[in-house]
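Q: Encoded as structure tokens, here's the structure I'll be asking about.
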Amino acid sequence: MSAPSDFPGAWRPNPASTVALFEQLRLQVIHLADNGALAPGTRLPAVRALAEKLDVAPHTVARAYKELEAAGIVATRGRNGTVVSARDERLGGLAAAAAVYADVAKAQGASFAEAVKLLAAAYDVP
């Protein structure tokens, strides 16, 4: 497990944004994990420490971490803290959900193109 990173670095949430603070933090962690800036195994700061550094309520950080954990982006390991999950681990749940979706789409007679169109619509992609 990597030592605590310098996350969040210079990044700070924008309180004037219409995007909730916890969501800004959640998206930032996903972005950094996806581009490799937060390597798998990197330990994120404790909730209270990060909340203080970002000048937000601890609940804001806790909610972001909880949602990141539910999505498989991070894992909470008790005294070892919250760590960034490997991409393969993160995508495992998504692959399982995709398999279920594909099975349901096939069972309902949807073509591959129709299933993709529905998925794109759910993503709000034109």
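A note on labels: chains of the structure tokens are A, B, ... as shown, every chain counts residues from 1, and ligands are counted from 1 in their shown order.
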Based on DSSP run over this structure's backbone, return all residues of region 69-100 of chain A in strand (DSSP E), as a PyMOL selection string.

A: chain A and resi 74-76+82-84

Q: Can you spit out the residues from that selection as an mmCIF file, in the first residue's frame, using all heavy atoms?

A:
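Saved to out.cif:
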```cif
data_model
loop_
_atom_site.group_PDB
_atom_site.id
_atom_site.type_symbol
_atom_site.label_atom_id
_atom_site.label_comp_id
_atom_site.auth_asym_id
_atom_site.auth_seq_id
_atom_site.Cartn_x
_atom_site.Cartn_y
_atom_site.Cartn_z
ATOM 1 N N VAL A 74 -12.568 3.400 -4.699
ATOM 2 C CA VAL A 74 -11.702 3.293 -3.528
ATOM 3 C C VAL A 74 -12.209 2.148 -2.659
ATOM 4 O O VAL A 74 -13.337 1.679 -2.815
ATOM 5 C CB VAL A 74 -11.660 4.605 -2.697
ATOM 6 C CG1 VAL A 74 -11.153 5.772 -3.526
ATOM 7 C CG2 VAL A 74 -13.011 4.910 -2.068
ATOM 8 N N ALA A 75 -11.366 1.727 -1.738
ATOM 9 C CA ALA A 75 -11.752 0.714 -0.752
ATOM 10 C C ALA A 75 -11.330 1.232 0.614
ATOM 11 O O ALA A 75 -10.242 1.798 0.759
ATOM 12 C CB ALA A 75 -11.071 -0.610 -1.051
ATOM 13 N N THR A 76 -12.187 1.049 1.602
ATOM 14 C CA THR A 76 -11.849 1.441 2.966
ATOM 15 C C THR A 76 -11.340 0.205 3.679
ATOM 16 O O THR A 76 -11.996 -0.832 3.681
ATOM 17 C CB THR A 76 -13.073 2.031 3.684
ATOM 18 O OG1 THR A 76 -13.515 3.160 2.931
ATOM 19 C CG2 THR A 76 -12.729 2.477 5.090
ATOM 20 N N THR A 82 -8.457 4.742 3.520
ATOM 21 C CA THR A 82 -9.136 4.626 2.238
ATOM 22 C C THR A 82 -8.089 4.647 1.143
ATOM 23 O O THR A 82 -7.272 5.564 1.081
ATOM 24 C CB THR A 82 -10.133 5.784 2.061
ATOM 25 O OG1 THR A 82 -11.077 5.726 3.134
ATOM 26 C CG2 THR A 82 -10.865 5.714 0.745
ATOM 27 N N VAL A 83 -8.110 3.631 0.300
ATOM 28 C CA VAL A 83 -7.099 3.512 -0.752
ATOM 29 C C VAL A 83 -7.757 3.413 -2.122
ATOM 30 O O VAL A 83 -8.884 2.935 -2.258
ATOM 31 C CB VAL A 83 -6.180 2.289 -0.538
ATOM 32 C CG1 VAL A 83 -5.399 2.413 0.755
ATOM 33 C CG2 VAL A 83 -6.963 1.002 -0.564
ATOM 34 N N VAL A 84 -7.043 3.874 -3.124
ATOM 35 C CA VAL A 84 -7.504 3.814 -4.509
ATOM 36 C C VAL A 84 -7.447 2.362 -4.971
ATOM 37 O O VAL A 84 -6.445 1.668 -4.771
ATOM 38 C CB VAL A 84 -6.632 4.710 -5.415
ATOM 39 C CG1 VAL A 84 -7.043 4.586 -6.874
ATOM 40 C CG2 VAL A 84 -6.703 6.159 -4.951
#
```

Q: If you run DSSP over the backbone, which residues in region 65-117 of chain A end up alpha helix (DSSP H)? Put them as a JSON list (two decimals) with all heavy atoms, in the first residue's frame.

A:
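Output file out-v2.json follows:
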```
[["chain", "number", "residue", "atom", "x", "y", "z"],
["A", 65, "TYR", "N", -16.37, 9.89, -0.20],
["A", 65, "TYR", "CA", -15.68, 8.62, -0.02],
["A", 65, "TYR", "C", -16.66, 7.45, -0.07],
["A", 65, "TYR", "O", -16.37, 6.41, -0.66],
["A", 65, "TYR", "CB", -14.92, 8.61, 1.31],
["A", 65, "TYR", "CG", -13.58, 9.29, 1.32],
["A", 65, "TYR", "CD1", -13.17, 10.14, 0.29],
["A", 65, "TYR", "CD2", -12.70, 9.11, 2.38],
["A", 65, "TYR", "CE1", -11.93, 10.77, 0.32],
["A", 65, "TYR", "CE2", -11.46, 9.73, 2.42],
["A", 65, "TYR", "CZ", -11.08, 10.55, 1.40],
["A", 65, "TYR", "OH", -9.85, 11.16, 1.43],
["A", 66, "LYS", "N", -17.83, 7.62, 0.56],
["A", 66, "LYS", "CA", -18.83, 6.55, 0.57],
["A", 66, "LYS", "C", -19.29, 6.23, -0.85],
["A", 66, "LYS", "O", -19.39, 5.06, -1.23],
["A", 66, "LYS", "CB", -20.02, 6.97, 1.43],
["A", 66, "LYS", "CG", -21.09, 5.92, 1.53],
["A", 66, "LYS", "CD", -22.24, 6.39, 2.42],
["A", 66, "LYS", "CE", -23.33, 5.34, 2.47],
["A", 66, "LYS", "NZ", -24.48, 5.78, 3.24],
["A", 67, "GLU", "N", -19.54, 7.26, -1.65],
["A", 67, "GLU", "CA", -19.98, 7.04, -3.03],
["A", 67, "GLU", "C", -18.85, 6.46, -3.88],
["A", 67, "GLU", "O", -19.10, 5.62, -4.75],
["A", 67, "GLU", "CB", -20.55, 8.32, -3.61],
["A", 67, "GLU", "CG", -21.84, 8.70, -2.91],
["A", 67, "GLU", "CD", -22.70, 9.69, -3.66],
["A", 67, "GLU", "OE1", -22.41, 9.97, -4.84],
["A", 67, "GLU", "OE2", -23.66, 10.17, -3.05],
["A", 68, "LEU", "N", -17.63, 6.90, -3.63],
["A", 68, "LEU", "CA", -16.49, 6.33, -4.36],
["A", 68, "LEU", "C", -16.31, 4.85, -4.01],
["A", 68, "LEU", "O", -15.99, 4.04, -4.87],
["A", 68, "LEU", "CB", -15.21, 7.12, -4.03],
["A", 68, "LEU", "CG", -15.13, 8.51, -4.64],
["A", 68, "LEU", "CD1", -14.07, 9.34, -3.93],
["A", 68, "LEU", "CD2", -14.85, 8.43, -6.14],
["A", 69, "GLU", "N", -16.53, 4.52, -2.75],
["A", 69, "GLU", "CA", -16.41, 3.12, -2.34],
["A", 69, "GLU", "C", -17.52, 2.28, -2.97],
["A", 69, "GLU", "O", -17.26, 1.17, -3.46],
["A", 69, "GLU", "CB", -16.44, 2.99, -0.82],
["A", 69, "GLU", "CG", -16.19, 1.57, -0.37],
["A", 69, "GLU", "CD", -15.95, 1.44, 1.11],
["A", 69, "GLU", "OE1", -16.43, 2.29, 1.89],
["A", 69, "GLU", "OE2", -15.28, 0.47, 1.49],
["A", 70, "ALA", "N", -18.73, 2.81, -2.98],
["A", 70, "ALA", "CA", -19.85, 2.08, -3.59],
["A", 70, "ALA", "C", -19.60, 1.82, -5.07],
["A", 70, "ALA", "O", -20.02, 0.79, -5.61],
["A", 70, "ALA", "CB", -21.15, 2.86, -3.40],
["A", 87, "ARG", "N", -7.86, -0.46, -11.29],
["A", 87, "ARG", "CA", -8.90, -0.31, -12.30],
["A", 87, "ARG", "C", -9.61, -1.63, -12.57],
["A", 87, "ARG", "O", -10.82, -1.67, -12.73],
["A", 87, "ARG", "CB", -8.32, 0.26, -13.59],
["A", 87, "ARG", "CG", -9.38, 0.60, -14.61],
["A", 87, "ARG", "CD", -8.84, 1.59, -15.63],
["A", 87, "ARG", "NE", -9.82, 1.93, -16.62],
["A", 87, "ARG", "CZ", -10.77, 2.85, -16.49],
["A", 87, "ARG", "NH1", -10.87, 3.51, -15.37],
["A", 87, "ARG", "NH2", -11.61, 3.10, -17.45],
["A", 88, "ASP", "N", -8.87, -2.74, -12.59],
["A", 88, "ASP", "CA", -9.49, -4.04, -12.82],
["A", 88, "ASP", "C", -10.50, -4.35, -11.72],
["A", 88, "ASP", "O", -11.57, -4.89, -11.98],
["A", 88, "ASP", "CB", -8.44, -5.15, -12.88],
["A", 88, "ASP", "CG", -7.58, -5.06, -14.13],
["A", 88, "ASP", "OD1", -7.95, -4.32, -15.06],
["A", 88, "ASP", "OD2", -6.54, -5.73, -14.17],
["A", 89, "GLU", "N", -10.18, -4.01, -10.47],
["A", 89, "GLU", "CA", -11.11, -4.23, -9.36],
["A", 89, "GLU", "C", -12.34, -3.35, -9.53],
["A", 89, "GLU", "O", -13.46, -3.77, -9.31],
["A", 89, "GLU", "CB", -10.44, -3.90, -8.03],
["A", 89, "GLU", "CG", -9.32, -4.83, -7.63],
["A", 89, "GLU", "CD", -8.56, -4.33, -6.41],
["A", 89, "GLU", "OE1", -8.97, -3.32, -5.79],
["A", 89, "GLU", "OE2", -7.53, -4.93, -6.08],
["A", 90, "ARG", "N", -12.12, -2.10, -9.93],
["A", 90, "ARG", "CA", -13.21, -1.14, -10.09],
["A", 90, "ARG", "C", -14.16, -1.56, -11.19],
["A", 90, "ARG", "O", -15.37, -1.42, -11.06],
["A", 90, "ARG", "CB", -12.65, 0.24, -10.41],
["A", 90, "ARG", "CG", -11.89, 0.85, -9.29],
["A", 90, "ARG", "CD", -11.27, 2.19, -9.58],
["A", 90, "ARG", "NE", -11.76, 2.89, -10.73],
["A", 90, "ARG", "CZ", -11.00, 3.65, -11.49],
["A", 90, "ARG", "NH1", -9.73, 3.78, -11.24],
["A", 90, "ARG", "NH2", -11.52, 4.27, -12.52],
["A", 91, "LEU", "N", -13.60, -2.07, -12.27],
["A", 91, "LEU", "CA", -14.44, -2.40, -13.41],
["A", 91, "LEU", "C", -15.10, -3.76, -13.28],
["A", 91, "LEU", "O", -16.01, -4.08, -14.04],
["A", 91, "LEU", "CB", -13.62, -2.32, -14.70],
["A", 91, "LEU", "CG", -13.13, -0.91, -15.06],
["A", 91, "LEU", "CD1", -12.33, -0.94, -16.35],
["A", 91, "LEU", "CD2", -14.28, 0.06, -15.16],
["A", 92, "GLY", "N", -14.68, -4.55, -12.29],
["A", 92, "GLY", "CA", -15.29, -5.86, -12.09],
["A", 92, "GLY", "C", -16.79, -5.77, -11.87],
["A", 92, "GLY", "O", -17.57, -6.49, -12.49],
["A", 93, "GLY", "N", -17.21, -4.87, -11.00],
["A", 93, "GLY", "CA", -18.64, -4.69, -10.73],
["A", 93, "GLY", "C", -19.36, -4.15, -11.94],
["A", 93, "GLY", "O", -20.50, -4.55, -12.23],
["A", 94, "LEU", "N", -18.72, -3.28, -12.67],
["A", 94, "LEU", "CA", -19.33, -2.71, -13.87],
["A", 94, "LEU", "C", -19.47, -3.78, -14.95],
["A", 94, "LEU", "O", -20.49, -3.84, -15.63],
["A", 94, "LEU", "CB", -18.49, -1.54, -14.39],
["A", 94, "LEU", "CG", -19.07, -0.73, -15.53],
["A", 94, "LEU", "CD1", -20.46, -0.20, -15.18],
["A", 94, "LEU", "CD2", -18.15, 0.42, -15.88],
["A", 95, "ALA", "N", -18.48, -4.64, -15.05],
["A", 95, "ALA", "CA", -18.56, -5.73, -16.03],
["A", 95, "ALA", "C", -19.72, -6.66, -15.68],
["A", 95, "ALA", "O", -20.44, -7.12, -16.57],
["A", 95, "ALA", "CB", -17.24, -6.49, -16.09],
["A", 96, "ALA", "N", -19.89, -6.94, -14.41],
["A", 96, "ALA", "CA", -21.00, -7.81, -13.99],
["A", 96, "ALA", "C", -22.33, -7.14, -14.30],
["A", 96, "ALA", "O", -23.26, -7.80, -14.79],
["A", 96, "ALA", "CB", -20.89, -8.10, -12.49],
["A", 97, "ALA", "N", -22.44, -5.84, -14.04],
["A", 97, "ALA", "CA", -23.68, -5.12, -14.34],
["A", 97, "ALA", "C", -23.93, -5.10, -15.85],
["A", 97, "ALA", "O", -25.08, -5.23, -16.30],
["A", 97, "ALA", "CB", -23.62, -3.69, -13.79],
["A", 98, "ALA", "N", -22.88, -4.94, -16.64],
["A", 98, "ALA", "CA", -23.02, -4.94, -18.09],
["A", 98, "ALA", "C", -23.51, -6.30, -18.59],
["A", 98, "ALA", "O", -24.35, -6.36, -19.51],
["A", 98, "ALA", "CB", -21.69, -4.58, -18.75],
["A", 99, "ALA", "N", -23.02, -7.36, -17.99],
["A", 99, "ALA", "CA", -23.45, -8.69, -18.38],
["A", 99, "ALA", "C", -24.94, -8.89, -18.09],
["A", 99, "ALA", "O", -25.68, -9.44, -18.92],
["A", 99, "ALA", "CB", -22.62, -9.76, -17.67],
["A", 100, "VAL", "N", -25.38, -8.41, -16.95],
["A", 100, "VAL", "CA", -26.80, -8.50, -16.60],
["A", 100, "VAL", "C", -27.63, -7.68, -17.58],
["A", 100, "VAL", "O", -28.66, -8.15, -18.09],
["A", 100, "VAL", "CB", -27.04, -8.04, -15.14],
["A", 100, "VAL", "CG1", -28.53, -7.89, -14.85],
["A", 100, "VAL", "CG2", -26.39, -9.00, -14.16],
["A", 101, "TYR", "N", -27.18, -6.46, -17.88],
["A", 101, "TYR", "CA", -27.89, -5.60, -18.82],
["A", 101, "TYR", "C", -27.98, -6.28, -20.19],
["A", 101, "TYR", "O", -29.04, -6.29, -20.81],
["A", 101, "TYR", "CB", -27.19, -4.24, -18.94],
["A", 101, "TYR", "CG", -27.79, -3.35, -19.99],
["A", 101, "TYR", "CD1", -29.06, -2.80, -19.82],
["A", 101, "TYR", "CD2", -27.11, -3.05, -21.17],
["A", 101, "TYR", "CE1", -29.63, -1.98, -20.78],
["A", 101, "TYR", "CE2", -27.66, -2.23, -22.13],
["A", 101, "TYR", "CZ", -28.92, -1.70, -21.94],
["A", 101, "TYR", "OH", -29.48, -0.89, -22.89],
["A", 102, "ALA", "N", -26.88, -6.84, -20.65],
["A", 102, "ALA", "CA", -26.87, -7.52, -21.95],
["A", 102, "ALA", "C", -27.84, -8.70, -21.96],
["A", 102, "ALA", "O", -28.58, -8.88, -22.93],
["A", 102, "ALA", "CB", -25.45, -7.99, -22.30],
["A", 103, "ASP", "N", -27.85, -9.46, -20.89],
["A", 103, "ASP", "CA", -28.78, -10.59, -20.80],
["A", 103, "ASP", "C", -30.23, -10.13, -20.86],
["A", 103, "ASP", "O", -31.06, -10.73, -21.56],
["A", 103, "ASP", "CB", -28.54, -11.40, -19.52],
["A", 103, "ASP", "CG", -27.24, -12.20, -19.56],
["A", 103, "ASP", "OD1", -26.68, -12.39, -20.66],
["A", 103, "ASP", "OD2", -26.81, -12.63, -18.48],
["A", 104, "VAL", "N", -30.56, -9.08, -20.12],
["A", 104, "VAL", "CA", -31.93, -8.55, -20.10],
["A", 104, "VAL", "C", -32.30, -8.01, -21.48],
["A", 104, "VAL", "O", -33.40, -8.26, -21.99],
["A", 104, "VAL", "CB", -32.10, -7.48, -19.01],
["A", 104, "VAL", "CG1", -33.44, -6.76, -19.13],
["A", 104, "VAL", "CG2", -31.95, -8.09, -17.63],
["A", 105, "ALA", "N", -31.37, -7.26, -22.10],
["A", 105, "ALA", "CA", -31.64, -6.69, -23.43],
["A", 105, "ALA", "C", -31.90, -7.80, -24.44],
["A", 105, "ALA", "O", -32.84, -7.72, -25.24],
["A", 105, "ALA", "CB", -30.47, -5.81, -23.87],
["A", 106, "LYS", "N", -31.07, -8.85, -24.42],
["A", 106, "LYS", "CA", -31.27, -9.98, -25.34],
["A", 106, "LYS", "C", -32.60, -10.67, -25.08],
["A", 106, "LYS", "O", -33.32, -11.02, -26.02],
["A", 106, "LYS", "CB", -30.13, -10.99, -25.19],
["A", 106, "LYS", "CG", -28.82, -10.54, -25.79],
["A", 106, "LYS", "CD", -27.81, -11.67, -25.65],
["A", 106, "LYS", "CE", -26.48, -11.14, -25.19],
["A", 106, "LYS", "NZ", -25.49, -12.19, -24.96],
["A", 107, "ALA", "N", -32.90, -10.89, -23.80],
["A", 107, "ALA", "CA", -34.14, -11.58, -23.44],
["A", 107, "ALA", "C", -35.37, -10.80, -23.90],
["A", 107, "ALA", "O", -36.41, -11.39, -24.20],
["A", 107, "ALA", "CB", -34.20, -11.81, -21.93],
["A", 112, "PHE", "N", -28.17, -5.28, -30.49],
["A", 112, "PHE", "CA", -27.01, -4.64, -29.87],
["A", 112, "PHE", "C", -27.11, -3.12, -30.02],
["A", 112, "PHE", "O", -26.90, -2.38, -29.06],
["A", 112, "PHE", "CB", -25.71, -5.17, -30.49],
["A", 112, "PHE", "CG", -24.48, -4.50, -29.96],
["A", 112, "PHE", "CD1", -23.98, -4.83, -28.71],
["A", 112, "PHE", "CD2", -23.82, -3.54, -30.71],
["A", 112, "PHE", "CE1", -22.85, -4.20, -28.21],
["A", 112, "PHE", "CE2", -22.68, -2.90, -30.22],
["A", 112, "PHE", "CZ", -22.19, -3.24, -28.97],
["A", 113, "ALA", "N", -27.45, -2.67, -31.22],
["A", 113, "ALA", "CA", -27.56, -1.22, -31.49],
["A", 113, "ALA", "C", -28.62, -0.58, -30.60],
["A", 113, "ALA", "O", -28.42, 0.52, -30.08],
["A", 113, "ALA", "CB", -27.87, -0.97, -32.96],
["A", 114, "GLU", "N", -29.74, -1.26, -30.42],
["A", 114, "GLU", "CA", -30.80, -0.72, -29.56],
["A", 114, "GLU", "C", -30.35, -0.65, -28.10],
["A", 114, "GLU", "O", -30.61, 0.33, -27.41],
["A", 114, "GLU", "CB", -32.07, -1.57, -29.68],
["A", 114, "GLU", "CG", -32.76, -1.44, -31.02],
["A", 114, "GLU", "CD", -33.82, -2.51, -31.25],
["A", 114, "GLU", "OE1", -33.69, -3.64, -30.72],
["A", 114, "GLU", "OE2", -34.79, -2.20, -31.97],
["A", 115, "ALA", "N", -29.64, -1.69, -27.66],
["A", 115, "ALA", "CA", -29.14, -1.70, -26.28],
["A", 115, "ALA", "C", -28.13, -0.58, -26.06],
["A", 115, "ALA", "O", -28.17, 0.10, -25.03],
["A", 115, "ALA", "CB", -28.52, -3.06, -25.96],
["A", 116, "VAL", "N", -27.26, -0.37, -27.02],
["A", 116, "VAL", "CA", -26.27, 0.70, -26.91],
["A", 116, "VAL", "C", -26.96, 2.07, -26.92],
["A", 116, "VAL", "O", -26.59, 2.97, -26.17],
["A", 116, "VAL", "CB", -25.21, 0.60, -28.04],
["A", 116, "VAL", "CG1", -24.34, 1.84, -28.09],
["A", 116, "VAL", "CG2", -24.37, -0.65, -27.84],
["A", 117, "LYS", "N", -27.97, 2.22, -27.75],
["A", 117, "LYS", "CA", -28.73, 3.48, -27.82],
["A", 117, "LYS", "C", -29.38, 3.78, -26.46],
["A", 117, "LYS", "O", -29.34, 4.92, -25.99],
["A", 117, "LYS", "CB", -29.78, 3.40, -28.92],
["A", 117, "LYS", "CG", -30.52, 4.70, -29.15],
["A", 117, "LYS", "CD", -31.48, 4.57, -30.33],
["A", 117, "LYS", "CE", -32.23, 5.87, -30.53],
["A", 117, "LYS", "NZ", -33.17, 5.77, -31.64]]
```

Q: Extract, using only C-alpha atoms, all DNA, RNA and protein residues at most 9 Å from Gln28 (chain A), discarding same-chain residues fewer than 5 positions from it, and format them as a ChimeraX atom specification.

A: /A:8,11,23,33

Q: Extract, using only C-alpha atoms, all DNA, RNA and protein residues at most 6 Å from region 45-52 of chain A, discarding same-chain residues fewer than 5 positions from it, and format them as a list in words.

A: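 My reading of the contact set: Ala57, Pro58, Val61 and Ala62 of chain A.
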
Q: Rounded to one decimal, what separation in Å do you get between CA of Gly72 (chain A) and CA of Ala122 (chain A)?

A: 20.1 Å

Q: Choose the residue, out of A:Ala37, A:Leu25, A:Leu44, A:Ala86, that has the smallest atom-to-atom separation from Ala64 (chain A); count only C-alpha atoms.

A: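 Among the listed residues, A:Leu25 lies closest to Ala64 (chain A).
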
Q: For the atom pair CA of Asp55 (chain A) and CA of Gly9 (chain A), what is the interatomic distance in Å to one decimal place?

A: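 A separation of 13.6 Å between them.
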
Q: Using only C-alpha atoms, pick whichever of A:Ile30, A:Leu54, A:Ser111, A:Leu38 has the shortest atom-to-atom distance to Asp6 (chain A).

A: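 Of A:Ile30, A:Leu54, A:Ser111, A:Leu38, the one nearest Asp6 (chain A) is A:Leu38, counting only C-alpha atoms.
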